[in-house]
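As stored in run19.cif (mmCIF, N, CA and C atoms):
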```cif
data_data
#
loop_
_atom_site.group_PDB
_atom_site.id
_atom_site.type_symbol
_atom_site.label_atom_id
_atom_site.label_comp_id
_atom_site.auth_asym_id
_atom_site.auth_seq_id
_atom_site.Cartn_x
_atom_site.Cartn_y
_atom_site.Cartn_z
ATOM 1 N N MET A 1 -3.057 -13.737 -3.646
ATOM 2 C CA MET A 1 -2.516 -14.259 -4.867
ATOM 3 C C MET A 1 -1.425 -15.253 -4.496
ATOM 4 N N THR A 2 -1.408 -16.403 -5.091
ATOM 5 C CA THR A 2 -0.402 -17.400 -4.765
ATOM 6 C C THR A 2 0.692 -17.413 -5.817
ATOM 7 N N SER A 3 1.831 -17.949 -5.417
ATOM 8 C CA SER A 3 2.965 -17.968 -6.307
ATOM 9 C C SER A 3 3.915 -19.080 -5.898
ATOM 10 N N ALA A 4 4.711 -19.553 -6.828
ATOM 11 C CA ALA A 4 5.733 -20.553 -6.537
ATOM 12 C C ALA A 4 7.108 -19.905 -6.537
ATOM 13 N N MET A 5 7.170 -18.625 -6.320
ATOM 14 C CA MET A 5 8.432 -17.891 -6.330
ATOM 15 C C MET A 5 8.972 -17.762 -4.910
ATOM 16 N N ALA A 6 10.250 -17.485 -4.820
ATOM 17 C CA ALA A 6 10.871 -17.262 -3.526
ATOM 18 C C ALA A 6 10.587 -15.842 -3.044
ATOM 19 N N CYS A 7 10.560 -15.686 -1.740
ATOM 20 C CA CYS A 7 10.367 -14.370 -1.128
ATOM 21 C C CYS A 7 11.471 -13.435 -1.602
ATOM 22 N N GLU A 8 11.090 -12.198 -1.923
ATOM 23 C CA GLU A 8 12.052 -11.232 -2.432
ATOM 24 C C GLU A 8 12.679 -10.372 -1.347
ATOM 25 N N ALA A 9 12.374 -10.663 -0.077
ATOM 26 C CA ALA A 9 13.051 -9.953 1.012
ATOM 27 C C ALA A 9 14.511 -10.417 1.027
ATOM 28 N N SER A 10 15.401 -9.492 1.257
ATOM 29 C CA SER A 10 16.831 -9.778 1.197
ATOM 30 C C SER A 10 17.228 -10.958 2.082
ATOM 31 N N GLY A 11 17.794 -11.985 1.466
ATOM 32 C CA GLY A 11 18.316 -13.123 2.191
ATOM 33 C C GLY A 11 17.290 -14.086 2.749
ATOM 34 N N CYS A 12 16.020 -13.952 2.393
ATOM 35 C CA CYS A 12 14.978 -14.787 2.991
ATOM 36 C C CYS A 12 14.990 -16.207 2.439
ATOM 37 N N GLY A 13 14.631 -16.374 1.180
ATOM 38 C CA GLY A 13 14.641 -17.686 0.570
ATOM 39 C C GLY A 13 13.421 -18.559 0.815
ATOM 40 N N GLN A 14 12.490 -18.128 1.684
ATOM 41 C CA GLN A 14 11.267 -18.904 1.884
ATOM 42 C C GLN A 14 10.393 -18.784 0.646
ATOM 43 N N TRP A 15 9.463 -19.726 0.495
ATOM 44 C CA TRP A 15 8.521 -19.647 -0.614
ATOM 45 C C TRP A 15 7.544 -18.515 -0.360
ATOM 46 N N ALA A 16 7.319 -17.727 -1.384
ATOM 47 C CA ALA A 16 6.404 -16.596 -1.283
ATOM 48 C C ALA A 16 4.994 -17.046 -1.626
ATOM 49 N N VAL A 17 4.030 -16.487 -0.934
ATOM 50 C CA VAL A 17 2.639 -16.801 -1.211
ATOM 51 C C VAL A 17 1.812 -15.555 -1.502
ATOM 52 N N THR A 18 2.409 -14.383 -1.359
ATOM 53 C CA THR A 18 1.672 -13.141 -1.538
ATOM 54 C C THR A 18 2.455 -12.186 -2.426
ATOM 55 N N VAL A 19 1.729 -11.494 -3.288
ATOM 56 C CA VAL A 19 2.320 -10.465 -4.145
ATOM 57 C C VAL A 19 1.812 -9.119 -3.627
ATOM 58 N N LEU A 20 2.747 -8.219 -3.303
ATOM 59 C CA LEU A 20 2.387 -6.920 -2.726
ATOM 60 C C LEU A 20 3.134 -5.790 -3.431
ATOM 61 N N PRO A 21 2.533 -4.585 -3.443
ATOM 62 C CA PRO A 21 3.245 -3.424 -3.982
ATOM 63 C C PRO A 21 4.306 -2.966 -2.992
ATOM 64 N N VAL A 22 5.398 -2.444 -3.524
ATOM 65 C CA VAL A 22 6.511 -2.012 -2.679
ATOM 66 C C VAL A 22 6.835 -0.555 -2.974
ATOM 67 N N VAL A 23 6.907 0.269 -1.911
ATOM 68 C CA VAL A 23 7.295 1.670 -2.050
ATOM 69 C C VAL A 23 8.236 2.054 -0.911
ATOM 70 N N ALA A 24 9.010 3.087 -1.143
ATOM 71 C CA ALA A 24 9.805 3.687 -0.073
ATOM 72 C C ALA A 24 8.892 4.711 0.593
ATOM 73 N N TRP A 25 8.446 4.423 1.784
ATOM 74 C CA TRP A 25 7.409 5.253 2.404
ATOM 75 C C TRP A 25 7.841 6.692 2.635
ATOM 76 N N THR A 26 9.121 6.951 2.725
ATOM 77 C CA THR A 26 9.573 8.321 2.991
ATOM 78 C C THR A 26 9.512 9.218 1.768
ATOM 79 N N ALA A 27 9.420 8.637 0.582
ATOM 80 C CA ALA A 27 9.414 9.449 -0.630
ATOM 81 C C ALA A 27 8.163 9.204 -1.461
ATOM 82 N N ALA A 28 7.132 8.676 -0.860
ATOM 83 C CA ALA A 28 5.942 8.280 -1.614
ATOM 84 C C ALA A 28 5.161 9.484 -2.127
ATOM 85 N N THR A 29 4.731 9.353 -3.363
ATOM 86 C CA THR A 29 3.787 10.284 -3.967
ATOM 87 C C THR A 29 2.638 9.428 -4.479
ATOM 88 N N PHE A 30 1.517 10.044 -4.813
ATOM 89 C CA PHE A 30 0.410 9.257 -5.335
ATOM 90 C C PHE A 30 0.795 8.492 -6.605
ATOM 91 N N PRO A 31 1.519 9.098 -7.550
ATOM 92 C CA PRO A 31 1.933 8.310 -8.712
ATOM 93 C C PRO A 31 2.810 7.112 -8.333
ATOM 94 N N GLU A 32 3.707 7.290 -7.346
ATOM 95 C CA GLU A 32 4.545 6.172 -6.900
ATOM 96 C C GLU A 32 3.698 5.082 -6.236
ATOM 97 N N LEU A 33 2.709 5.496 -5.473
ATOM 98 C CA LEU A 33 1.860 4.518 -4.790
ATOM 99 C C LEU A 33 1.039 3.700 -5.777
ATOM 100 N N THR A 34 0.509 4.357 -6.800
ATOM 101 C CA THR A 34 -0.333 3.632 -7.754
ATOM 102 C C THR A 34 0.496 2.777 -8.708
ATOM 103 N N ALA A 35 1.730 3.177 -8.977
ATOM 104 C CA ALA A 35 2.584 2.435 -9.906
ATOM 105 C C ALA A 35 3.603 1.559 -9.190
ATOM 106 N N ALA A 36 3.408 1.332 -7.904
ATOM 107 C CA ALA A 36 4.367 0.548 -7.129
ATOM 108 C C ALA A 36 4.538 -0.841 -7.742
ATOM 109 N N PRO A 37 5.779 -1.263 -7.919
ATOM 110 C CA PRO A 37 5.999 -2.600 -8.481
ATOM 111 C C PRO A 37 5.550 -3.683 -7.498
ATOM 112 N N LEU A 38 5.094 -4.792 -8.043
ATOM 113 C CA LEU A 38 4.650 -5.904 -7.215
ATOM 114 C C LEU A 38 5.793 -6.896 -7.026
ATOM 115 N N HIS A 39 5.960 -7.344 -5.774
ATOM 116 C CA HIS A 39 6.997 -8.315 -5.440
ATOM 117 C C HIS A 39 6.380 -9.445 -4.630
ATOM 118 N N HIS A 40 7.072 -10.566 -4.585
ATOM 119 C CA HIS A 40 6.602 -11.760 -3.882
ATOM 120 C C HIS A 40 7.160 -11.785 -2.459
ATOM 121 N N TYR A 41 6.285 -12.104 -1.493
ATOM 122 C CA TYR A 41 6.706 -12.156 -0.093
ATOM 123 C C TYR A 41 6.138 -13.360 0.619
ATOM 124 N N CYS A 42 6.901 -13.851 1.571
ATOM 125 C CA CYS A 42 6.481 -14.973 2.412
ATOM 126 C C CYS A 42 5.627 -14.447 3.567
ATOM 127 N N PRO A 43 4.986 -15.328 4.321
ATOM 128 C CA PRO A 43 4.150 -14.886 5.444
ATOM 129 C C PRO A 43 4.914 -14.110 6.524
ATOM 130 N N VAL A 44 6.210 -14.316 6.629
ATOM 131 C CA VAL A 44 7.009 -13.589 7.627
ATOM 132 C C VAL A 44 7.177 -12.128 7.221
ATOM 133 N N HIS A 45 7.435 -11.881 5.954
ATOM 134 C CA HIS A 45 7.706 -10.521 5.490
ATOM 135 C C HIS A 45 6.473 -9.777 5.003
ATOM 136 N N GLU A 46 5.404 -10.484 4.734
ATOM 137 C CA GLU A 46 4.175 -9.851 4.247
ATOM 138 C C GLU A 46 3.676 -8.725 5.155
ATOM 139 N N PRO A 47 3.601 -8.933 6.495
ATOM 140 C CA PRO A 47 3.101 -7.842 7.350
ATOM 141 C C PRO A 47 3.992 -6.598 7.340
ATOM 142 N N VAL A 48 5.291 -6.793 7.241
ATOM 143 C CA VAL A 48 6.220 -5.656 7.224
ATOM 144 C C VAL A 48 6.006 -4.827 5.961
ATOM 145 N N ILE A 49 5.921 -5.490 4.830
ATOM 146 C CA ILE A 49 5.738 -4.794 3.558
ATOM 147 C C ILE A 49 4.361 -4.135 3.506
ATOM 148 N N SER A 50 3.345 -4.834 4.003
ATOM 149 C CA SER A 50 1.987 -4.279 4.032
ATOM 150 C C SER A 50 1.932 -3.019 4.880
ATOM 151 N N ASP A 51 2.523 -3.084 6.062
ATOM 152 C CA ASP A 51 2.498 -1.919 6.946
ATOM 153 C C ASP A 51 3.326 -0.764 6.390
ATOM 154 N N ARG A 52 4.407 -1.071 5.682
ATOM 155 C CA ARG A 52 5.211 -0.013 5.057
ATOM 156 C C ARG A 52 4.385 0.712 3.991
ATOM 157 N N TYR A 53 3.668 -0.043 3.168
ATOM 158 C CA TYR A 53 2.830 0.565 2.134
ATOM 159 C C TYR A 53 1.714 1.392 2.776
ATOM 160 N N ALA A 54 1.063 0.839 3.798
ATOM 161 C CA ALA A 54 -0.013 1.562 4.491
ATOM 162 C C ALA A 54 0.512 2.856 5.109
ATOM 163 N N ALA A 55 1.701 2.809 5.686
ATOM 164 C CA ALA A 55 2.302 4.017 6.273
ATOM 165 C C ALA A 55 2.586 5.051 5.191
ATOM 166 N N ALA A 56 3.044 4.598 4.030
ATOM 167 C CA ALA A 56 3.307 5.520 2.923
ATOM 168 C C ALA A 56 2.020 6.189 2.451
ATOM 169 N N VAL A 57 0.954 5.420 2.366
ATOM 170 C CA VAL A 57 -0.344 5.974 1.971
ATOM 171 C C VAL A 57 -0.803 7.003 2.996
ATOM 172 N N ASP A 58 -0.741 6.636 4.257
ATOM 173 C CA ASP A 58 -1.165 7.518 5.346
ATOM 174 C C ASP A 58 -0.380 8.831 5.304
ATOM 175 N N TRP A 59 0.934 8.725 5.197
ATOM 176 C CA TRP A 59 1.795 9.907 5.181
ATOM 177 C C TRP A 59 1.493 10.776 3.960
ATOM 178 N N THR A 60 1.322 10.162 2.796
ATOM 179 C CA THR A 60 1.074 10.906 1.564
ATOM 180 C C THR A 60 -0.265 11.639 1.622
ATOM 181 N N VAL A 61 -1.285 10.973 2.127
ATOM 182 C CA VAL A 61 -2.601 11.619 2.252
ATOM 183 C C VAL A 61 -2.515 12.806 3.200
ATOM 184 N N CYS A 62 -1.864 12.626 4.331
ATOM 185 C CA CYS A 62 -1.729 13.724 5.306
ATOM 186 C C CYS A 62 -0.946 14.886 4.711
ATOM 187 N N ARG A 63 0.184 14.593 4.080
ATOM 188 C CA ARG A 63 1.015 15.646 3.484
ATOM 189 C C ARG A 63 0.253 16.394 2.405
ATOM 190 N N ASP A 64 -0.395 15.654 1.515
ATOM 191 C CA ASP A 64 -1.114 16.304 0.421
ATOM 192 C C ASP A 64 -2.315 17.100 0.927
ATOM 193 N N SER A 65 -2.968 16.625 1.973
ATOM 194 C CA SER A 65 -4.094 17.364 2.557
ATOM 195 C C SER A 65 -3.630 18.688 3.136
ATOM 196 N N VAL A 66 -2.500 18.664 3.843
ATOM 197 C CA VAL A 66 -1.956 19.889 4.429
ATOM 198 C C VAL A 66 -1.571 20.872 3.327
ATOM 199 N N GLU A 67 -1.068 20.347 2.221
ATOM 200 C CA GLU A 67 -0.648 21.197 1.102
ATOM 201 C C GLU A 67 -1.818 21.584 0.194
ATOM 202 N N GLY A 68 -3.025 21.165 0.546
ATOM 203 C CA GLY A 68 -4.211 21.561 -0.189
ATOM 204 C C GLY A 68 -4.488 20.789 -1.460
ATOM 205 N N ARG A 69 -3.822 19.657 -1.644
ATOM 206 C CA ARG A 69 -4.071 18.851 -2.848
ATOM 207 C C ARG A 69 -5.292 17.972 -2.643
ATOM 208 N N ARG A 70 -6.113 17.866 -3.693
ATOM 209 C CA ARG A 70 -7.310 17.023 -3.625
ATOM 210 C C ARG A 70 -6.950 15.579 -3.956
ATOM 211 N N LEU A 71 -7.722 14.674 -3.378
ATOM 212 C CA LEU A 71 -7.539 13.261 -3.662
ATOM 213 C C LEU A 71 -8.265 12.907 -4.962
ATOM 214 N N ASP A 72 -7.538 12.380 -5.914
ATOM 215 C CA ASP A 72 -8.107 11.955 -7.183
ATOM 216 C C ASP A 72 -8.813 10.613 -6.975
ATOM 217 N N PRO A 73 -10.107 10.520 -7.302
ATOM 218 C CA PRO A 73 -10.851 9.271 -7.066
ATOM 219 C C PRO A 73 -10.255 8.045 -7.757
ATOM 220 N N GLN A 74 -9.731 8.187 -8.961
ATOM 221 C CA GLN A 74 -9.130 7.040 -9.650
ATOM 222 C C GLN A 74 -7.857 6.574 -8.955
ATOM 223 N N THR A 75 -7.060 7.509 -8.490
ATOM 224 C CA THR A 75 -5.839 7.171 -7.762
ATOM 225 C C THR A 75 -6.183 6.456 -6.474
ATOM 226 N N ILE A 76 -7.154 6.991 -5.755
ATOM 227 C CA ILE A 76 -7.568 6.379 -4.498
ATOM 228 C C ILE A 76 -8.101 4.974 -4.744
ATOM 229 N N GLN A 77 -8.796 4.774 -5.841
ATOM 230 C CA GLN A 77 -9.337 3.450 -6.172
ATOM 231 C C GLN A 77 -8.211 2.428 -6.346
ATOM 232 N N VAL A 78 -7.139 2.812 -7.029
ATOM 233 C CA VAL A 78 -5.992 1.919 -7.219
ATOM 234 C C VAL A 78 -5.320 1.622 -5.887
ATOM 235 N N ILE A 79 -5.130 2.663 -5.077
ATOM 236 C CA ILE A 79 -4.482 2.481 -3.787
ATOM 237 C C ILE A 79 -5.345 1.604 -2.874
ATOM 238 N N CYS A 80 -6.644 1.798 -2.899
ATOM 239 C CA CYS A 80 -7.544 0.957 -2.100
ATOM 240 C C CYS A 80 -7.457 -0.498 -2.540
ATOM 241 N N ALA A 81 -7.338 -0.732 -3.833
ATOM 242 C CA ALA A 81 -7.191 -2.109 -4.323
ATOM 243 C C ALA A 81 -5.905 -2.736 -3.794
ATOM 244 N N HIS A 82 -4.826 -1.962 -3.762
ATOM 245 C CA HIS A 82 -3.574 -2.459 -3.182
ATOM 246 C C HIS A 82 -3.771 -2.786 -1.700
ATOM 247 N N LEU A 83 -4.395 -1.873 -0.968
ATOM 248 C CA LEU A 83 -4.588 -2.078 0.464
ATOM 249 C C LEU A 83 -5.481 -3.294 0.759
ATOM 250 N N GLN A 84 -6.430 -3.568 -0.111
ATOM 251 C CA GLN A 84 -7.318 -4.711 0.100
ATOM 252 C C GLN A 84 -6.582 -6.041 -0.033
ATOM 253 N N MET A 85 -5.429 -6.063 -0.684
ATOM 254 C CA MET A 85 -4.623 -7.282 -0.783
ATOM 255 C C MET A 85 -3.897 -7.585 0.525
ATOM 256 N N MET A 86 -3.850 -6.616 1.413
ATOM 257 C CA MET A 86 -3.052 -6.711 2.637
ATOM 258 C C MET A 86 -3.927 -7.101 3.820
ATOM 259 N N ARG A 87 -3.322 -7.886 4.717
ATOM 260 C CA ARG A 87 -4.105 -8.434 5.821
ATOM 261 C C ARG A 87 -3.662 -7.941 7.189
ATOM 262 N N THR A 88 -3.117 -6.755 7.263
ATOM 263 C CA THR A 88 -2.705 -6.247 8.567
ATOM 264 C C THR A 88 -3.725 -5.225 9.067
ATOM 265 N N PRO A 89 -3.835 -5.067 10.385
ATOM 266 C CA PRO A 89 -4.762 -4.062 10.924
ATOM 267 C C PRO A 89 -4.458 -2.651 10.413
ATOM 268 N N LYS A 90 -3.182 -2.316 10.264
ATOM 269 C CA LYS A 90 -2.822 -0.976 9.776
ATOM 270 C C LYS A 90 -3.338 -0.771 8.352
ATOM 271 N N ALA A 91 -3.137 -1.747 7.486
ATOM 272 C CA ALA A 91 -3.611 -1.625 6.098
ATOM 273 C C ALA A 91 -5.131 -1.531 6.054
ATOM 274 N N GLU A 92 -5.805 -2.317 6.884
ATOM 275 C CA GLU A 92 -7.272 -2.263 6.932
ATOM 276 C C GLU A 92 -7.756 -0.902 7.425
ATOM 277 N N ALA A 93 -7.065 -0.345 8.417
ATOM 278 C CA ALA A 93 -7.460 0.962 8.965
ATOM 279 C C ALA A 93 -7.250 2.072 7.943
ATOM 280 N N VAL A 94 -6.124 2.040 7.237
ATOM 281 C CA VAL A 94 -5.854 3.058 6.222
ATOM 282 C C VAL A 94 -6.854 2.929 5.074
ATOM 283 N N HIS A 95 -7.182 1.711 4.696
ATOM 284 C CA HIS A 95 -8.185 1.488 3.647
ATOM 285 C C HIS A 95 -9.526 2.084 4.068
ATOM 286 N N THR A 96 -9.954 1.797 5.279
ATOM 287 C CA THR A 96 -11.225 2.329 5.791
ATOM 288 C C THR A 96 -11.215 3.854 5.798
ATOM 289 N N ALA A 97 -10.104 4.441 6.232
ATOM 290 C CA ALA A 97 -9.997 5.904 6.269
ATOM 291 C C ALA A 97 -10.079 6.498 4.863
ATOM 292 N N LEU A 98 -9.411 5.880 3.892
ATOM 293 C CA LEU A 98 -9.462 6.379 2.513
ATOM 294 C C LEU A 98 -10.876 6.312 1.953
ATOM 295 N N VAL A 99 -11.557 5.218 2.222
ATOM 296 C CA VAL A 99 -12.935 5.084 1.744
ATOM 297 C C VAL A 99 -13.804 6.190 2.341
ATOM 298 N N ARG A 100 -13.635 6.453 3.622
ATOM 299 C CA ARG A 100 -14.408 7.515 4.275
ATOM 300 C C ARG A 100 -14.063 8.893 3.742
ATOM 301 N N LEU A 101 -12.787 9.124 3.439
ATOM 302 C CA LEU A 101 -12.371 10.428 2.900
ATOM 303 C C LEU A 101 -12.971 10.703 1.532
ATOM 304 N N THR A 102 -13.195 9.662 0.767
ATOM 305 C CA THR A 102 -13.686 9.852 -0.595
ATOM 306 C C THR A 102 -15.190 9.728 -0.716
ATOM 307 N N GLU A 103 -15.876 9.411 0.380
ATOM 308 C CA GLU A 103 -17.332 9.345 0.341
ATOM 309 C C GLU A 103 -17.923 10.739 0.248
ATOM 310 N N THR A 104 -19.017 10.852 -0.451
ATOM 311 C CA THR A 104 -19.702 12.131 -0.566
ATOM 312 C C THR A 104 -20.743 12.211 0.556
ATOM 313 N N PRO A 105 -20.702 13.293 1.344
ATOM 314 C CA PRO A 105 -21.671 13.406 2.461
ATOM 315 C C PRO A 105 -23.104 13.577 1.962
#
```
Using structure tokens, write down the structure from this file.
Amino acid sequence: MTSAMACEASGCGQWAVTVLPVVAWTAATFPELTAAPLHHYCPVHEPVISDRYAAAVDWTVCRDSVEGRRLDPQTIQVICAHLQMMRTPKAEAVHTALVRLTETP
């Protein structure tokens, strides 16, 4: 997604070209991941924000799996859509893992 807005990373000021969801990965829950606000980022900060979101997804899935919570298909669909906007290997790997987790054998 393109934009004429400035990067929202603190003190950056470069022109942003990507809109990404933002979460605090240490406190992520599925509702927080699906409702994450979208912010504008430049190419320098895009990978950092993408990897932070992917790490939050990874951590949340692992935590919820250990606690016996099932993955809601609609929630996973929203999170996968967020991950598909991201172009880092970590985001792609987490997306692939989520798709595999939700496939029916």
Can you list what the PyMOL selection byres ((chain A and resi 40-47) around 8) grabs from this structure, as a ChimeraX atom specification? /A:3,5-9,13-21,37-39,48-53,86-88
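The two atoms in question, CA of Phe30 in chain A and atom C of His82 in chain A, are spaced 13.3 Å apart.
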CA of His95 in chain A to atom N of Thr29 in chain A, straight-line distance in Å: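 It comes out at 16.7 Å.
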When you count only C-alpha atoms, which of these residues is closest to Val57 in chain A: A:Pro89, A:Asp72, A:Val94, A:Glu103?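 The closest residue to Val57 in chain A is A:Val94.
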Pull the strand (DSSP E or B) assignments for chain A out of DSSP run on the backbone, and list those residues as a PDB file with N, CA and C atoms, keeping the file's coordinate frame.
```
ATOM      1  N   ALA A   6      10.250 -17.485  -4.820  1.00  0.00           N
ATOM      2  CA  ALA A   6      10.871 -17.262  -3.526  1.00  0.00           C
ATOM      3  C   ALA A   6      10.587 -15.842  -3.044  1.00  0.00           C
ATOM      4  N   TRP A  15       9.463 -19.726   0.495  1.00  0.00           N
ATOM      5  CA  TRP A  15       8.521 -19.647  -0.614  1.00  0.00           C
ATOM      6  C   TRP A  15       7.544 -18.515  -0.360  1.00  0.00           C
ATOM      7  N   THR A  18       2.409 -14.383  -1.359  1.00  0.00           N
ATOM      8  CA  THR A  18       1.672 -13.141  -1.538  1.00  0.00           C
ATOM      9  C   THR A  18       2.455 -12.186  -2.426  1.00  0.00           C
ATOM     10  N   VAL A  19       1.729 -11.494  -3.288  1.00  0.00           N
ATOM     11  CA  VAL A  19       2.320 -10.465  -4.145  1.00  0.00           C
ATOM     12  C   VAL A  19       1.812  -9.119  -3.627  1.00  0.00           C
ATOM     13  N   LEU A  20       2.747  -8.219  -3.303  1.00  0.00           N
ATOM     14  CA  LEU A  20       2.387  -6.920  -2.726  1.00  0.00           C
ATOM     15  C   LEU A  20       3.134  -5.790  -3.431  1.00  0.00           C
ATOM     16  N   PRO A  21       2.533  -4.585  -3.443  1.00  0.00           N
ATOM     17  CA  PRO A  21       3.245  -3.424  -3.982  1.00  0.00           C
ATOM     18  C   PRO A  21       4.306  -2.966  -2.992  1.00  0.00           C
ATOM     19  N   LEU A  38       5.094  -4.792  -8.043  1.00  0.00           N
ATOM     20  CA  LEU A  38       4.650  -5.904  -7.215  1.00  0.00           C
ATOM     21  C   LEU A  38       5.793  -6.896  -7.026  1.00  0.00           C
ATOM     22  N   HIS A  39       5.960  -7.344  -5.774  1.00  0.00           N
ATOM     23  CA  HIS A  39       6.997  -8.315  -5.440  1.00  0.00           C
ATOM     24  C   HIS A  39       6.380  -9.445  -4.630  1.00  0.00           C
ATOM     25  N   HIS A  40       7.072 -10.566  -4.585  1.00  0.00           N
ATOM     26  CA  HIS A  40       6.602 -11.760  -3.882  1.00  0.00           C
ATOM     27  C   HIS A  40       7.160 -11.785  -2.459  1.00  0.00           C
ATOM     28  N   TYR A  41       6.285 -12.104  -1.493  1.00  0.00           N
ATOM     29  CA  TYR A  41       6.706 -12.156  -0.093  1.00  0.00           C
ATOM     30  C   TYR A  41       6.138 -13.360   0.619  1.00  0.00           C
TER      31      TYR A  41
END
```
Just checking: using only C-alpha atoms, which residue out of A:Cys12, A:Pro31, A:Glu67, A:Ala54 ends up closest to Met85 in chain A?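 Answer, going by the shortest atom-to-atom distance: A:Ala54.
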Final all heavy atoms of range 6-13 of chain A as a PDB file, keeping the file's coordinate frame:
```pdb
ATOM      1  N   ALA A   6      10.250 -17.485  -4.820  1.00  0.00           N
ATOM      2  CA  ALA A   6      10.871 -17.262  -3.526  1.00  0.00           C
ATOM      3  C   ALA A   6      10.587 -15.842  -3.044  1.00  0.00           C
ATOM      4  O   ALA A   6      10.392 -14.931  -3.848  1.00  0.00           O
ATOM      5  CB  ALA A   6      12.374 -17.473  -3.627  1.00  0.00           C
ATOM      6  N   CYS A   7      10.560 -15.686  -1.740  1.00  0.00           N
ATOM      7  CA  CYS A   7      10.367 -14.370  -1.128  1.00  0.00           C
ATOM      8  C   CYS A   7      11.471 -13.435  -1.602  1.00  0.00           C
ATOM      9  O   CYS A   7      12.643 -13.817  -1.661  1.00  0.00           O
ATOM     10  CB  CYS A   7      10.395 -14.509   0.391  1.00  0.00           C
ATOM     11  SG  CYS A   7      10.176 -12.947   1.266  1.00  0.00           S
ATOM     12  N   GLU A   8      11.090 -12.198  -1.923  1.00  0.00           N
ATOM     13  CA  GLU A   8      12.052 -11.232  -2.432  1.00  0.00           C
ATOM     14  C   GLU A   8      12.679 -10.372  -1.347  1.00  0.00           C
ATOM     15  O   GLU A   8      13.452  -9.454  -1.653  1.00  0.00           O
ATOM     16  CB  GLU A   8      11.395 -10.369  -3.513  1.00  0.00           C
ATOM     17  CG  GLU A   8      11.018 -11.190  -4.741  1.00  0.00           C
ATOM     18  CD  GLU A   8      10.449 -10.369  -5.870  1.00  0.00           C
ATOM     19  OE1 GLU A   8      11.140  -9.434  -6.331  1.00  0.00           O
ATOM     20  OE2 GLU A   8       9.314 -10.660  -6.293  1.00  0.00           O
ATOM     21  N   ALA A   9      12.374 -10.663  -0.077  1.00  0.00           N
ATOM     22  CA  ALA A   9      13.051  -9.953   1.012  1.00  0.00           C
ATOM     23  C   ALA A   9      14.511 -10.417   1.027  1.00  0.00           C
ATOM     24  O   ALA A   9      14.804 -11.601   0.828  1.00  0.00           O
ATOM     25  CB  ALA A   9      12.380 -10.256   2.341  1.00  0.00           C
ATOM     26  N   SER A  10      15.401  -9.492   1.257  1.00  0.00           N
ATOM     27  CA  SER A  10      16.831  -9.778   1.197  1.00  0.00           C
ATOM     28  C   SER A  10      17.228 -10.958   2.082  1.00  0.00           C
ATOM     29  O   SER A  10      16.995 -10.946   3.290  1.00  0.00           O
ATOM     30  CB  SER A  10      17.609  -8.538   1.614  1.00  0.00           C
ATOM     31  OG  SER A  10      18.992  -8.783   1.552  1.00  0.00           O
ATOM     32  N   GLY A  11      17.794 -11.985   1.466  1.00  0.00           N
ATOM     33  CA  GLY A  11      18.316 -13.123   2.191  1.00  0.00           C
ATOM     34  C   GLY A  11      17.290 -14.086   2.749  1.00  0.00           C
ATOM     35  O   GLY A  11      17.634 -14.983   3.504  1.00  0.00           O
ATOM     36  N   CYS A  12      16.020 -13.952   2.393  1.00  0.00           N
ATOM     37  CA  CYS A  12      14.978 -14.787   2.991  1.00  0.00           C
ATOM     38  C   CYS A  12      14.990 -16.207   2.439  1.00  0.00           C
ATOM     39  O   CYS A  12      15.265 -17.148   3.146  1.00  0.00           O
ATOM     40  CB  CYS A  12      13.593 -14.156   2.813  1.00  0.00           C
ATOM     41  SG  CYS A  12      12.268 -15.171   3.504  1.00  0.00           S
ATOM     42  N   GLY A  13      14.631 -16.374   1.180  1.00  0.00           N
ATOM     43  CA  GLY A  13      14.641 -17.686   0.570  1.00  0.00           C
ATOM     44  C   GLY A  13      13.421 -18.559   0.815  1.00  0.00           C
ATOM     45  O   GLY A  13      13.307 -19.625   0.240  1.00  0.00           O
TER      46      GLY A  13
END
```
